[in-house]
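Raw contents of data14.pdb, PDB, C-alpha atoms:
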MODEL        1
ATOM      1  CA  MET U   1      15.736 -27.866 -18.045
ATOM      2  CA  LYS U   2      15.238 -30.690 -15.576
ATOM      3  CA  ASP U   3      14.008 -29.722 -12.129
ATOM      4  CA  LEU U   4      17.017 -30.971 -10.136
ATOM      5  CA  MET U   5      15.539 -29.569  -6.924
ATOM      6  CA  ARG U   6      12.546 -31.862  -7.314
ATOM      7  CA  ILE U   7      14.631 -34.837  -8.399
ATOM      8  CA  LYS U   8      16.819 -34.467  -5.305
ATOM      9  CA  GLY U   9      13.892 -34.382  -2.936
ATOM     10  CA  LEU U  10      10.388 -33.326  -2.121
ATOM     11  CA  LEU U  11      11.012 -30.734   0.547
ATOM     12  CA  SER U  12      11.558 -27.028   0.043
ATOM     13  CA  THR U  13      14.465 -25.417   1.880
ATOM     14  CA  GLU U  14      12.020 -23.669   4.230
ATOM     15  CA  ILE U  15      10.097 -26.817   5.176
ATOM     16  CA  GLU U  16      13.348 -28.744   5.587
ATOM     17  CA  SER U  17      14.640 -26.056   7.910
ATOM     18  CA  LEU U  18      11.392 -25.957   9.924
ATOM     19  CA  LEU U  19      11.397 -29.752  10.295
ATOM     20  CA  ASN U  20      15.004 -29.689  11.479
ATOM     21  CA  GLN U  21      14.085 -27.016  14.016
ATOM     22  CA  GLN U  22      11.257 -29.289  15.152
ATOM     23  CA  VAL U  23      13.705 -32.208  15.514
ATOM     24  CA  LYS U  24      15.688 -29.994  17.872
ATOM     25  CA  LYS U  25      12.581 -28.959  19.816
ATOM     26  CA  GLU U  26      11.543 -32.596  20.286
ATOM     27  CA  ALA U  27      15.058 -33.517  21.431
ATOM     28  CA  HIS U  28      14.976 -30.570  23.825
ATOM     29  CA  SER U  29      11.595 -31.708  25.149
ATOM     30  CA  SER U  30      12.883 -35.231  25.629
ATOM     31  CA  SER U  31      15.822 -33.917  27.665
ATOM     32  CA  ILE U  32      13.576 -31.662  29.750
ATOM     33  CA  TYR U  33      11.287 -34.594  30.599
ATOM     34  CA  LEU U  34      14.310 -36.671  31.521
ATOM     35  CA  SER U  35      15.421 -33.925  33.876
ATOM     36  CA  MET U  36      11.915 -33.751  35.368
ATOM     37  CA  ALA U  37      11.983 -37.528  35.871
ATOM     38  CA  SER U  38      15.282 -37.140  37.696
ATOM     39  CA  TRP U  39      13.896 -34.426  39.994
ATOM     40  CA  CYS U  40      10.763 -36.461  40.755
ATOM     41  CA  ASP U  41      12.803 -39.559  41.507
ATOM     42  CA  ARG U  42      15.170 -37.618  43.793
ATOM     43  CA  ASN U  43      12.245 -36.196  45.701
ATOM     44  CA  GLY U  44      10.340 -39.448  46.170
ATOM     45  CA  PHE U  45       7.671 -39.049  43.483
ATOM     46  CA  ASP U  46       8.115 -42.447  41.881
ATOM     47  CA  ASN U  47       4.964 -42.496  39.757
ATOM     48  CA  SER U  48       5.655 -39.046  38.369
ATOM     49  CA  ALA U  49       9.231 -40.083  37.614
ATOM     50  CA  THR U  50       7.894 -43.052  35.633
ATOM     51  CA  TYR U  51       5.397 -40.747  33.872
ATOM     52  CA  PHE U  52       8.176 -38.347  32.815
ATOM     53  CA  PHE U  53      10.520 -41.145  31.726
ATOM     54  CA  LYS U  54       7.703 -42.317  29.444
ATOM     55  CA  GLN U  55       7.116 -38.770  28.178
ATOM     56  CA  SER U  56      10.815 -38.439  27.436
ATOM     57  CA  ASP U  57      10.746 -41.656  25.392
ATOM     58  CA  GLU U  58       7.722 -40.390  23.457
ATOM     59  CA  GLU U  59       9.450 -37.116  22.571
ATOM     60  CA  ARG U  60      12.499 -39.056  21.423
ATOM     61  CA  HIS U  61      10.192 -41.179  19.257
ATOM     62  CA  HIS U  62       8.706 -37.984  17.757
ATOM     63  CA  GLN U  63      12.193 -36.677  17.099
ATOM     64  CA  LEU U  64      13.184 -39.841  15.224
ATOM     65  CA  LYS U  65       9.942 -39.887  13.249
ATOM     66  CA  LEU U  66      10.652 -36.343  11.985
ATOM     67  CA  TYR U  67      14.301 -37.217  11.423
ATOM     68  CA  LYS U  68      13.470 -40.231   9.271
ATOM     69  CA  TYR U  69      10.850 -38.307   7.306
ATOM     70  CA  LEU U  70      13.475 -35.682   6.433
ATOM     71  CA  LEU U  71      15.780 -38.422   5.166
ATOM     72  CA  ASP U  72      13.020 -40.256   3.280
ATOM     73  CA  MET U  73      12.141 -37.039   1.447
ATOM     74  CA  GLY U  74      15.722 -36.423   0.333
ATOM     75  CA  GLY U  75      16.456 -33.788   2.956
ATOM     76  CA  THR U  76      19.375 -33.386   5.323
ATOM     77  CA  ALA U  77      18.452 -34.429   8.849
ATOM     78  CA  ILE U  78      20.575 -32.588  11.389
ATOM     79  CA  SER U  79      21.352 -34.177  14.740
ATOM     80  CA  PRO U  80      20.738 -31.352  17.224
ATOM     81  CA  GLU U  81      22.874 -30.007  19.999
ATOM     82  CA  ILE U  82      20.967 -29.726  23.262
ATOM     83  CA  ALA U  83      22.098 -27.489  26.107
ATOM     84  CA  ASN U  84      20.816 -25.556  29.113
ATOM     85  CA  ILE U  85      18.463 -28.131  30.560
ATOM     86  CA  LYS U  86      17.013 -27.103  33.915
ATOM     87  CA  ILE U  87      18.095 -29.442  36.708
ATOM     88  CA  GLU U  88      16.382 -28.038  39.783
ATOM     89  CA  TYR U  89      12.724 -27.097  40.224
ATOM     90  CA  ASN U  90      11.234 -25.011  43.020
ATOM     91  CA  SER U  91       8.245 -27.250  43.602
ATOM     92  CA  PHE U  92       6.397 -30.392  42.510
ATOM     93  CA  ARG U  93       3.737 -28.182  40.925
ATOM     94  CA  GLU U  94       6.293 -26.169  38.927
ATOM     95  CA  ILE U  95       7.290 -29.358  37.105
ATOM     96  CA  PHE U  96       3.768 -29.851  35.762
ATOM     97  CA  GLU U  97       3.379 -26.163  34.916
ATOM     98  CA  ASP U  98       6.584 -26.346  32.872
ATOM     99  CA  ALA U  99       5.416 -29.587  31.225
ATOM    100  CA  LEU U 100       2.187 -27.935  30.036
ATOM    101  CA  ASP U 101       4.091 -24.877  28.763
ATOM    102  CA  GLN U 102       6.403 -27.215  26.901
ATOM    103  CA  GLU U 103       3.529 -29.048  25.190
ATOM    104  CA  ILE U 104       1.800 -25.781  24.246
ATOM    105  CA  ALA U 105       5.043 -24.536  22.667
ATOM    106  CA  ILE U 106       5.368 -27.764  20.666
ATOM    107  CA  THR U 107       1.762 -27.545  19.422
ATOM    108  CA  GLN U 108       2.288 -23.932  18.354
ATOM    109  CA  SER U 109       5.422 -24.958  16.523
ATOM    110  CA  PHE U 110       3.571 -27.700  14.599
ATOM    111  CA  LYS U 111       0.845 -25.195  13.701
ATOM    112  CA  ASN U 112       3.542 -22.967  12.270
ATOM    113  CA  ILE U 113       4.905 -25.795  10.080
ATOM    114  CA  ALA U 114       1.373 -26.721   8.991
ATOM    115  CA  ALA U 115       0.727 -23.092   7.970
ATOM    116  CA  ARG U 116       3.885 -23.144   5.863
ATOM    117  CA  CYS U 117       2.816 -26.452   4.254
ATOM    118  CA  HIS U 118      -0.525 -24.912   3.263
ATOM    119  CA  LYS U 119       1.229 -21.856   1.865
ATOM    120  CA  GLU U 120       3.545 -24.019  -0.260
ATOM    121  CA  GLN U 121       0.832 -26.550  -1.070
ATOM    122  CA  ASP U 122       3.060 -29.267   0.390
ATOM    123  CA  TYR U 123       0.231 -31.707   1.057
ATOM    124  CA  VAL U 124       2.596 -34.653   1.490
ATOM    125  CA  THR U 125       4.251 -33.095   4.537
ATOM    126  CA  MET U 126       0.876 -31.853   5.740
ATOM    127  CA  GLU U 127      -0.448 -35.402   5.736
ATOM    128  CA  PHE U 128       2.634 -36.474   7.713
ATOM    129  CA  LEU U 129       2.061 -33.671  10.219
ATOM    130  CA  ASN U 130      -1.521 -34.740  10.902
ATOM    131  CA  TRP U 131      -0.239 -37.570  13.098
ATOM    132  CA  PHE U 132       1.683 -35.068  15.233
ATOM    133  CA  LEU U 133      -1.241 -32.657  15.488
ATOM    134  CA  LYS U 134      -3.430 -35.469  16.796
ATOM    135  CA  GLU U 135      -0.658 -36.549  19.160
ATOM    136  CA  GLN U 136      -0.440 -32.999  20.532
ATOM    137  CA  ARG U 137      -4.122 -33.127  21.500
ATOM    138  CA  GLU U 138      -3.292 -36.067  23.736
ATOM    139  CA  GLU U 139      -0.066 -34.546  25.074
ATOM    140  CA  GLU U 140      -1.724 -31.261  26.025
ATOM    141  CA  TYR U 141      -4.696 -33.082  27.550
ATOM    142  CA  LYS U 142      -2.425 -35.188  29.755
ATOM    143  CA  ALA U 143      -0.317 -32.212  30.841
ATOM    144  CA  ARG U 144      -3.453 -30.185  31.658
ATOM    145  CA  ARG U 145      -5.045 -33.060  33.578
ATOM    146  CA  ALA U 146      -1.873 -33.532  35.634
ATOM    147  CA  LEU U 147      -1.872 -29.865  36.599
ATOM    148  CA  GLU U 148      -5.579 -30.011  37.459
ATOM    149  CA  LEU U 149      -4.816 -32.698  40.047
ATOM    150  CA  PHE U 150      -3.206 -29.971  42.157
ATOM    151  CA  GLU U 151      -6.555 -28.140  42.294
ATOM    152  CA  VAL U 152      -8.753 -31.218  42.649
ATOM    153  CA  ILE U 153      -6.707 -32.980  45.339
ATOM    154  CA  GLY U 154      -4.964 -29.994  46.935
ATOM    155  CA  GLU U 155      -1.368 -29.779  48.101
ATOM    156  CA  SER U 156      -1.819 -29.843  51.873
ATOM    157  CA  GLY U 157      -1.301 -32.934  54.040
ATOM    158  CA  THR U 158      -0.792 -36.022  51.903
ATOM    159  CA  GLY U 159      -1.825 -34.109  48.768
ATOM    160  CA  HIS U 160       1.479 -34.545  46.948
ATOM    161  CA  TRP U 161       1.487 -38.273  47.687
ATOM    162  CA  GLU U 162      -2.081 -38.528  46.338
ATOM    163  CA  ILE U 163      -1.251 -36.464  43.232
ATOM    164  CA  ASP U 164       1.781 -38.640  42.514
ATOM    165  CA  LYS U 165      -0.406 -41.719  42.821
ATOM    166  CA  HIS U 166      -2.868 -40.363  40.241
ATOM    167  CA  VAL U 167      -0.364 -38.985  37.716
ATOM    168  CA  GLY U 168       0.417 -42.489  36.470
ATOM    169  CA  LYS U 169      -3.265 -43.135  35.815
ATOM    170  CA  ILE U 170      -3.832 -40.189  33.468
ATOM    171  CA  ASN U 171      -5.031 -41.516  30.160
ATOM    172  CA  TYR U 172      -6.518 -39.938  27.061
ATOM    173  CA  ASP U 173      -9.390 -42.203  26.046
ATOM    174  CA  SER U 174     -11.949 -39.628  24.970
ATOM    175  CA  GLU U 175     -14.424 -40.434  22.204
ATOM    176  CA  ALA U 176     -12.744 -37.657  20.255
ATOM    177  CA  SER U 177      -9.397 -39.492  20.292
TER     178      SER U 177
ATOM    179  CA  MET O   1      31.292 -20.073 -24.687
ATOM    180  CA  GLU O   2      34.396 -22.199 -25.281
ATOM    181  CA  VAL O   3      34.369 -23.593 -21.723
ATOM    182  CA  GLN O   4      30.802 -24.649 -22.180
ATOM    183  CA  GLN O   5      31.613 -26.422 -25.441
ATOM    184  CA  ALA O   6      34.605 -28.103 -23.879
ATOM    185  CA  ILE O   7      32.444 -29.676 -21.177
ATOM    186  CA  SER O   8      29.450 -30.753 -23.175
ATOM    187  CA  GLU O   9      27.199 -29.722 -25.989
ATOM    188  CA  ASN O  10      24.091 -29.993 -23.856
ATOM    189  CA  LEU O  11      24.645 -27.538 -21.054
ATOM    190  CA  ILE O  12      21.875 -25.173 -20.098
ATOM    191  CA  GLU O  13      22.727 -21.758 -18.766
ATOM    192  CA  VAL O  14      21.138 -21.298 -15.344
ATOM    193  CA  PHE O  15      22.553 -17.939 -14.297
ATOM    194  CA  LYS O  16      25.371 -15.743 -15.452
ATOM    195  CA  THR O  17      27.088 -12.549 -14.341
ATOM    196  CA  HIS O  18      30.218 -10.894 -15.682
ATOM    197  CA  LYS O  19      32.182 -12.708 -12.947
ATOM    198  CA  GLY O  20      31.032 -16.249 -13.621
ATOM    199  CA  ALA O  21      28.210 -18.607 -14.506
ATOM    200  CA  VAL O  22      26.287 -21.726 -13.551
ATOM    201  CA  TYR O  23      25.317 -24.340 -16.132
ATOM    202  CA  GLN O  24      23.152 -27.414 -15.728
ATOM    203  CA  SER O  25      23.663 -30.737 -17.446
ATOM    204  CA  ASP O  26      20.407 -32.668 -17.699
ATOM    205  CA  ASP O  27      22.237 -35.741 -19.007
ATOM    206  CA  GLU O  28      24.607 -35.909 -16.056
ATOM    207  CA  GLN O  29      22.151 -34.344 -13.564
ATOM    208  CA  CYS O  30      24.853 -32.081 -12.293
ATOM    209  CA  LEU O  31      25.936 -28.443 -12.303
ATOM    210  CA  TYR O  32      29.012 -26.654 -13.551
ATOM    211  CA  LEU O  33      30.212 -23.550 -11.779
ATOM    212  CA  ILE O  34      32.546 -21.355 -13.777
ATOM    213  CA  PHE O  35      34.199 -18.882 -11.462
ATOM    214  CA  GLY O  36      37.642 -17.355 -10.988
ATOM    215  CA  GLY O  37      39.040 -19.037 -14.086
ATOM    216  CA  LYS O  38      38.038 -22.479 -12.847
ATOM    217  CA  THR O  39      35.289 -24.868 -13.915
ATOM    218  CA  ALA O  40      33.976 -27.139 -11.179
ATOM    219  CA  ARG O  41      31.429 -29.936 -11.459
ATOM    220  CA  TYR O  42      28.936 -30.333  -8.586
ATOM    221  CA  SER O  43      26.119 -32.666  -7.675
ATOM    222  CA  PHE O  44      22.976 -30.737  -6.718
ATOM    223  CA  SER O  45      23.321 -31.547  -3.017
ATOM    224  CA  CYS O  46      26.978 -30.485  -2.977
ATOM    225  CA  PHE O  47      26.081 -27.297  -4.826
ATOM    226  CA  SER O  48      23.360 -26.587  -2.240
ATOM    227  CA  ARG O  49      25.908 -26.970   0.539
ATOM    228  CA  LEU O  50      28.271 -24.594  -1.240
ATOM    229  CA  LYS O  51      25.499 -22.007  -1.534
ATOM    230  CA  LYS O  52      24.561 -22.440   2.130
ATOM    231  CA  GLN O  53      28.166 -21.918   3.178
ATOM    232  CA  ILE O  54      28.775 -18.878   0.955
ATOM    233  CA  VAL O  55      25.507 -17.223   1.995
ATOM    234  CA  SER O  56      26.359 -17.762   5.663
ATOM    235  CA  TYR O  57      29.341 -15.365   5.477
ATOM    236  CA  ASN O  58      28.586 -12.020   7.108
ATOM    237  CA  ILE O  59      30.080  -9.630   4.554
ATOM    238  CA  GLU O  60      29.678  -6.592   6.823
ATOM    239  CA  GLN O  61      31.569  -8.352   9.594
ATOM    240  CA  LEU O  62      34.332  -9.383   7.197
ATOM    241  CA  LEU O  63      34.736  -5.799   5.998
ATOM    242  CA  THR O  64      34.966  -4.330   9.480
ATOM    243  CA  ARG O  65      37.150  -6.929  11.191
ATOM    244  CA  SER O  66      40.672  -6.270  12.414
ATOM    245  CA  ALA O  67      43.260  -5.320   9.800
ATOM    246  CA  LEU O  68      45.555  -7.942  11.314
ATOM    247  CA  LEU O  69      43.398 -10.756  10.012
ATOM    248  CA  PRO O  70      43.939 -12.015   6.445
ATOM    249  CA  ASP O  71      41.718 -10.496   3.786
ATOM    250  CA  ILE O  72      40.842 -13.839   2.243
ATOM    251  CA  GLU O  73      38.470 -16.700   2.954
ATOM    252  CA  ILE O  74      39.273 -20.332   2.185
ATOM    253  CA  VAL O  75      36.104 -22.177   1.253
ATOM    254  CA  THR O  76      36.146 -25.969   1.472
ATOM    255  CA  LEU O  77      33.311 -28.469   1.602
ATOM    256  CA  ALA O  78      33.375 -31.923   3.180
ATOM    257  CA  ALA O  79      33.415 -34.740   0.600
ATOM    258  CA  CYS O  80      33.951 -32.250  -2.208
ATOM    259  CA  GLU O  81      37.170 -31.928  -4.181
ATOM    260  CA  HIS O  82      36.832 -28.217  -4.939
ATOM    261  CA  CYS O  83      38.285 -25.434  -2.879
ATOM    262  CA  TYR O  84      38.169 -21.656  -3.309
ATOM    263  CA  VAL O  85      40.468 -18.973  -1.973
ATOM    264  CA  LEU O  86      38.377 -15.821  -2.139
ATOM    265  CA  SER O  87      38.881 -12.153  -1.474
ATOM    266  CA  ILE O  88      35.855 -10.321  -0.086
ATOM    267  CA  THR O  89      34.945  -8.967  -3.533
ATOM    268  CA  ASP O  90      35.194 -12.535  -4.917
ATOM    269  CA  LEU O  91      32.967 -13.709  -2.092
ATOM    270  CA  ILE O  92      30.329 -11.097  -2.943
ATOM    271  CA  ALA O  93      30.514 -12.032  -6.630
ATOM    272  CA  LEU O  94      30.170 -15.766  -5.895
ATOM    273  CA  LYS O  95      27.302 -15.096  -3.511
ATOM    274  CA  ASP O  96      25.482 -13.200  -6.292
ATOM    275  CA  ILE O  97      25.990 -16.060  -8.747
ATOM    276  CA  LEU O  98      24.816 -18.739  -6.329
ATOM    277  CA  GLU O  99      21.785 -16.775  -5.144
ATOM    278  CA  GLY O 100      20.894 -16.031  -8.762
ATOM    279  CA  ALA O 101      21.243 -19.694  -9.718
ATOM    280  CA  PHE O 102      19.017 -20.806  -6.851
ATOM    281  CA  ALA O 103      16.411 -18.196  -7.729
ATOM    282  CA  MET O 104      16.354 -19.752 -11.220
ATOM    283  CA  PHE O 105      16.094 -23.282  -9.768
ATOM    284  CA  GLN O 106      13.167 -22.127  -7.676
ATOM    285  CA  LEU O 107      11.499 -20.522 -10.681
ATOM    286  CA  ASN O 108      12.048 -23.633 -12.774
ATOM    287  CA  HIS O 109      10.621 -25.739  -9.956
ATOM    288  CA  MET O 110       7.475 -23.569  -9.747
ATOM    289  CA  ILE O 111       6.929 -23.691 -13.513
ATOM    290  CA  LYS O 112       7.487 -27.456 -13.688
ATOM    291  CA  ASP O 113       5.189 -27.988 -10.708
ATOM    292  CA  CYS O 114       2.380 -26.018 -12.376
ATOM    293  CA  LEU O 115       2.872 -27.718 -15.736
ATOM    294  CA  GLN O 116       2.880 -31.218 -14.254
ATOM    295  CA  ARG O 117      -0.163 -30.565 -12.073
ATOM    296  CA  TYR O 118      -2.433 -28.595 -14.362
ATOM    297  CA  ILE O 119      -1.477 -29.523 -17.906
ATOM    298  CA  ALA O 120      -0.087 -33.058 -17.861
TER     299      ALA O 120
ENDMDL
END

Whole structure given in structure tokens:
Amino acid sequence: MKDLMRIKGLLSTEIESLLNQQVKKEAHSSSIYLSMASWCDRNGFDNSATYFFKQSDEERHHQLKLYKYLLDMGGTAISPEIANIKIEYNSFREIFEDALDQEIAITQSFKNIAARCHKEQDYVTMEFLNWFLKEQREEEYKARRALELFEVIGESGTGHWEIDKHVGKINYDSEAS
Amino acid sequence: MEVQQAISENLIEVFKTHKGAVYQSDDEQCLYLIFGGKTARYSFSCFSRLKKQIVSYNIEQLLTRSALLPDIEIVTLAACEHCYVLSITDLIALKDILEGAFAMFQLNHMIKDCLQRYIA
């Protein structure tokens, strides 16, 4: 009997479902960053607004990369519904705390998919995921560095202005990258 | 097995219960579902969508819902010519057949995967 499952595509139902969940998480992240950019812009933090607009674009790029992989492998890519995006934040610092939490959640989610790939011996998807795992190193580094600016510079006086000025300069250029 | 013969000589039985059966045609790369006195031909992707839809029904909820609601479910799939009007017992029977067929597909996939990787 021919293996019609394999002929149709490379992905198992579980991996396909996990990748679709990840598409949704990336789309959610992109929307959250867009909302953060809006808050920063409204409150006069221009550099941070630019930083979050860029982050939002990156998450959208990640979403499409996963989406196209699903299609290339014969899966069904599902365009996600995104709701309940926070509009207001209590402070400038809260934005960066939420951003780091968001990146940690995304990394954990990729680790979960990678674990499933190992279990199923799906090395093709695992190889695809490596790009994202490396990307998450950079994303978490940047989010952590941004939050550290609040400790290094301090929030009193012109602290927020100084932090905003430095957020745009955060770059991951470590030898490990 | 007259239905099977009527369709093709080369059908492979995937899964069968006393309520119906699923056959695979390697030549046509498609599946035949025999259920409720009807034989329907499906592509694999369409068949997967049918399974997903049937499995998504909450049988417990259907059994306990208001008596005013009809006791049947109409199952249709987008871009698929087949339609089923099912009672709850039919739904349970079809769910069994589809889950059984997919368990066999999975088993076949695992065997083929091992054979291709370690023996070929």

For chain O, list the residues within 12 Å of chain U, counting only C-alpha atoms, and write the list as a ChimeraX atom specification.
/O:10-14,23-31,43-49,52,101-117

Decode the PyMOL selection byres ((chain O and resi 91-97) around 8) for the given file into explicit residues and return them as a tab-separated table (two decimals) with C-alpha atoms, keeping the file's coordinate frame.
chain	number	residue	atom	x	y	z
O	15	PHE	CA	22.55	-17.94	-14.30
O	16	LYS	CA	25.37	-15.74	-15.45
O	17	THR	CA	27.09	-12.55	-14.34
O	19	LYS	CA	32.18	-12.71	-12.95
O	20	GLY	CA	31.03	-16.25	-13.62
O	21	ALA	CA	28.21	-18.61	-14.51
O	22	VAL	CA	26.29	-21.73	-13.55
O	35	PHE	CA	34.20	-18.88	-11.46
O	51	LYS	CA	25.50	-22.01	-1.53
O	54	ILE	CA	28.78	-18.88	0.96
O	55	VAL	CA	25.51	-17.22	2.00
O	59	ILE	CA	30.08	-9.63	4.55
O	86	LEU	CA	38.38	-15.82	-2.14
O	87	SER	CA	38.88	-12.15	-1.47
O	88	ILE	CA	35.85	-10.32	-0.09
O	89	THR	CA	34.94	-8.97	-3.53
O	90	ASP	CA	35.19	-12.54	-4.92
O	98	LEU	CA	24.82	-18.74	-6.33
O	99	GLU	CA	21.78	-16.77	-5.14
O	100	GLY	CA	20.89	-16.03	-8.76
O	101	ALA	CA	21.24	-19.69	-9.72

Result set of the PyMOL selection byres ((chain U and resi 145-149) around 8) on the coordinates above, as a PyMOL selection string
chain U and resi 93+96-97+100+141-144+150-154+163+166-167+170

Check what the PyMOL selection byres ((chain U and resi 21-34) around 6) selects in the file above and give those residues as a count of residues only.
13

Report the centre and edge lengths, in Å to one decimal, of an axis-aligned box enclosing every atom of region 68-75 of chain U listed in the file, padded by 4 Å on each side, as JSON.
{"center_x": 13.7, "center_y": -37.0, "center_z": 4.8, "size_x": 13.6, "size_y": 14.5, "size_z": 16.9}

How many Å separate CA of Gln108 (chain U) from CA of Gln136 (chain U)?
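Separating CA of Gln108 (chain U) from CA of Gln136 (chain U) is a distance of 9.7 Å.
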
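CA of Ser174 (chain U) is positioned 9.4 Å from CA of Glu138 (chain U).
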
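Nearest to Ala49 (chain U) of all the residues U:Gly168, U:Ser109, U:Leu70, U:Ser79 is U:Gly168, based on all atoms listed in the file.
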
Straight-line distance linking CA of Glu60 (chain O) with CA of Ile72 (chain O), stated in Å to one decimal
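We find that CA of Glu60 (chain O) and CA of Ile72 (chain O) lie 14.1 Å from each other.
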
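Closest to Ala105 (chain U) among U:Ile82, U:Glu127, U:Glu139, U:Asp57 is U:Glu139, based on only C-alpha atoms.
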